[in-house]
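Asker: My questions will all concern the structure given below.
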Amino acid sequence: MKDFIDAEAFKEMVLCAENALREQTQLINDLNVFPVPDGDTGTNMGLTMKNAAEELKKRNVRDLSEAADCTANALLRGARGNSGVILSLLFRGISRRFKTFESAGAAEFAGALSDGVDAAYKAVMKPAEGTILTVSRLASKAAVEAASLGADLEGVFICAIKAGTEALAETQKINPVLKKAGVVDAGGKGFMVILEAMLASLRGEVRSDSGSAEEKAEEDRTSPFNVFDTEDITFAYDTVFIVRKTQEDVNIAPFRAYLDSIGDSLVISEGDEEFKVHVHTNIPGDALNEAAKYGTLELAKIENMRTQHDDVAAGRKARSTDDLEDPDCEFVPEESPEEEPEFAEAEKDFGVVAVCAGEGMEALFRELGADSIVTGGQTMNPSTDDILKAVNRTPASTVFVFPNNKNIIMAAEQSIPLTEKKVIVIPTKTVPQGITALLNFSPEGAAEEIAEAMTEAISVVHTAMVTYAARDSDFDGYDIHAGEYLSLLDGALIGSYRDEPELFRNLNEKISEFEPEFITVYFGSDVQEAEAESMADILREACPDAEVSVVDGGQPVYYYMVAVE
């Protein structure tokens, strides 16, 4: 066990923490109790940490200060969802404590952990207890107390992990929803996974270069073939391919089961928009044909391991897909379209960046005057860097950002100090609120006055959502089964239904209480316009004095988004 943390140790700790988060992503995601499809905590924390790991791998950090600063900056830019932002804030505080440090012992690390917690609490407008904030606070408190009593670095970690684990268990008692579901807070669990991996790294129990399952599979493919005979190769074709999803919420579990039945060494890395497959099989064509049911095949590589073995055993260079390139063939790339500038100089005073998903929604925001669109939403929270790039591409000196999702607001706010442009985040929690804000955007007057007018406009917008249950759940008095229709109003669950018309009739009772003047029904990618008109007719019947409009939003996840004003 190391007695201090230097640049190399800190880098290894972060890389091991990223490995651990990746391995436990699904376990953390499964702790989410709200039944709607969302940007799950494990995924968001894992992707945030991945950004730091990738940046550290590129750098030869000279001292602890540089390693911590590199990590904090990468986490800030890669932060996704509230959990990812809080994680980045925790490391930002650690980085500030380690400023000018070449190494850190027990007291310095405990103080850094405490500074990280302070940074997170100060940045969160309404800190909620029974979350990652509570777990990190009590863990850091125990670390500081242990250091003050003379504990060494290992002892400080042990005390922090013990206190954090106890605090994590207590989140179930603090939050009645967690208690009823019988789970602990997902963000708190993610934080504990990180602490435990860091300690394991310092002890030498784990190493980052042991790699992920996918990396190990890559090593297996490229290791010497002369350690086994061709008879040992049950499945001959090493098959790797990437598929871009045609739908963000596509379920690839059946595909995974199919590949398991026709091969081995299966590894699938899934992202929001695509997934990468590695499998050994004797029928690679069947694997590719089946993959086409889940999206568009983008890249593929198929190599015969038996012939590669024979080549190596005979002292020849193993043939690979690299040999398909013809050195005598001059390749003339197609002329690429002109790319948008990374930083656009101001051509006007005010610009707008909106976050949304769906061709119809994107077209609507652009039609209403949005300069830049960040593709994202409920199941695919964009990172701070995604939003920052859109801000910098906007040719205005002041840029208003509409997050259009409560789990994206914090990530948007983190972009403010990262650009020379003035950024004002309008706290839109839904796409309909964002549309209303843009309708009330008038580039006249001071920026603060414009922001105030838009914020006031969204305060009278109620948003109803119709989606599906992503998981079985006993939530808020409802016995919910995966796949059922769910209705929500201003974020609160109204009910779970197997029948869509029944859902609308019950939802309409709630909507009619607002005595609305305008109702807009945005229908999603899985809904036909005729179906949407039928649902709108139910709304017209319930609210005869309201003007009801139907718009093709093309959004994923939500069958309907309904704006009520």
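Ligands are numbered from 1 in the order shown, chains are lettered A, B, ... in the order of the structure tokens, and residues start at 1 in each chain.
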Report as JSON, numbers by chain: the residues of range 291-481 of chain A with a DSSP assignment of strand (DSSP E), based on the backbone of this structure.
Answerer: {"A": [295, 296, 297, 298, 299, 300, 301, 302, 303, 304, 348, 349, 350, 351, 352, 353, 354, 355, 356, 372, 373, 374, 375, 396, 397, 398, 399, 400, 401, 402, 422, 423, 424, 425, 462, 463, 464, 465, 466, 467, 468, 473, 474, 475, 478, 479, 480]}
Asker: When you look at Val557 in chain A with a cut-off of 12 Å (counting only C-alpha atoms), what residues show up, excluding the ones that are within fewer than 4 positions of it in the same chain? I need them as a VMD selection string.
Answerer: chain A and resid 36 to 39 247 to 250 356 to 358 376 to 380 465 to 470 483 485 to 486 523 to 527 553 561
Asker: Please measure the separation of CA of Glu274 in chain A and CA of Gly295 in chain A, giving the value in Å to one decimal.
Answerer: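 Value for the CA of Glu274 in chain A-CA of Gly295 in chain A distance: 8.2 Å.
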Asker: Write out as a compact mmCIF listing (two decimals) with C-alpha atoms, in the first residue's frame each polymer residue whose atoms come within 7 Å of range 445-460 of chain A, counting only C-alpha atoms; drop sequence neighbours fewer than 6 positions from it.
Answerer:
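Resulting contents of out26.txt:
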```txt
# COMPACT_ATOMS: atom_id res chain seq x y z
CA ILE A 426 -33.16 29.43 -19.06
CA GLN A 433 -41.40 24.97 -22.03
CA THR A 436 -42.78 28.70 -25.21
CA ALA A 437 -39.58 30.41 -24.10
CA GLU A 565 -51.29 26.98 -21.40
```
Asker: Just the residues within 10 Å of range 7-18 of chain A, please, counting only C-alpha atoms, with nothing from its chain fewer than 5 positions along; format it as a ChimeraX atom specification.
Answerer: /A:2,23-24,45-54,56-57,59-68,70-71,101-104,190-202,206-211
Asker: Leaving out range 395-412 of chain A and any residue of its chain fewer than 3 positions from it, which residues lie within 6 Å of it when counting only C-alpha atoms, given as JSON, numbers by chain?
Answerer: {"A": [81, 82, 344, 345, 346, 347, 348, 349, 350, 351, 352, 353, 354, 355, 384, 415, 421, 422, 423, 424, 425, 426, 428, 429, 430, 431, 434]}
Asker: Do a neighbour search on Ala300 in chain A at 7 Å with only C-alpha atoms, toss out local chain neighbours closer than 6 positions, and write the hits as a count of residues only.
Answerer: 3
Asker: Please report the interatomic distance between CA of Val564 in chain A and CA of Ile480 in chain A in Å with one decimal.
Answerer: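 About the pair CA of Val564 in chain A and CA of Ile480 in chain A: they are 25.9 Å apart.
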Asker: Quick one: residues within 8 Å of Arg137 in chain A, only C-alpha atoms, excluding same-chain residues fewer than 3 positions away - as an MDAnalysis selection string?
Answerer: chainID A and resid 114 117 133:134 140:141
Asker: Restricting it to N, CA, C and O atoms, dump the selection as a compact mmCIF listing (two decimals), in the first residue's frame.
Answerer:
```
# COMPACT_ATOMS: atom_id res chain seq x y z
N SER A 114 -12.80 16.67 1.44
CA SER A 114 -13.70 17.63 2.09
C SER A 114 -13.93 18.85 1.20
O SER A 114 -15.06 19.36 1.09
N VAL A 117 -16.46 18.03 -1.48
CA VAL A 117 -17.84 18.06 -0.98
C VAL A 117 -18.34 19.49 -0.86
O VAL A 117 -19.47 19.82 -1.23
N LEU A 133 -24.64 13.53 -2.39
CA LEU A 133 -24.12 14.61 -1.56
C LEU A 133 -23.98 14.15 -0.12
O LEU A 133 -22.96 14.41 0.53
N THR A 134 -25.00 13.49 0.41
CA THR A 134 -24.94 13.00 1.79
C THR A 134 -23.82 11.97 1.95
O THR A 134 -23.04 12.02 2.91
N SER A 140 -16.30 12.06 3.65
CA SER A 140 -15.20 13.01 3.80
C SER A 140 -15.01 13.43 5.26
O SER A 140 -13.88 13.62 5.72
N LYS A 141 -16.12 13.55 5.97
CA LYS A 141 -16.04 13.89 7.40
C LYS A 141 -15.26 12.83 8.16
O LYS A 141 -14.39 13.14 9.00
```
Asker: Which residue out of A:Leu178, A:Val521, A:Ala107, A:Ile158 has the minimum interatomic distance to Val144 in chain A when only C-alpha atoms are used?
Answerer: A:Ala107
Asker: Between CA of Val243 in chain A and CA of Leu297 in chain A, what distance in Å does the model show, to one decimal?
Answerer: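 A separation of 4.5 Å between them.
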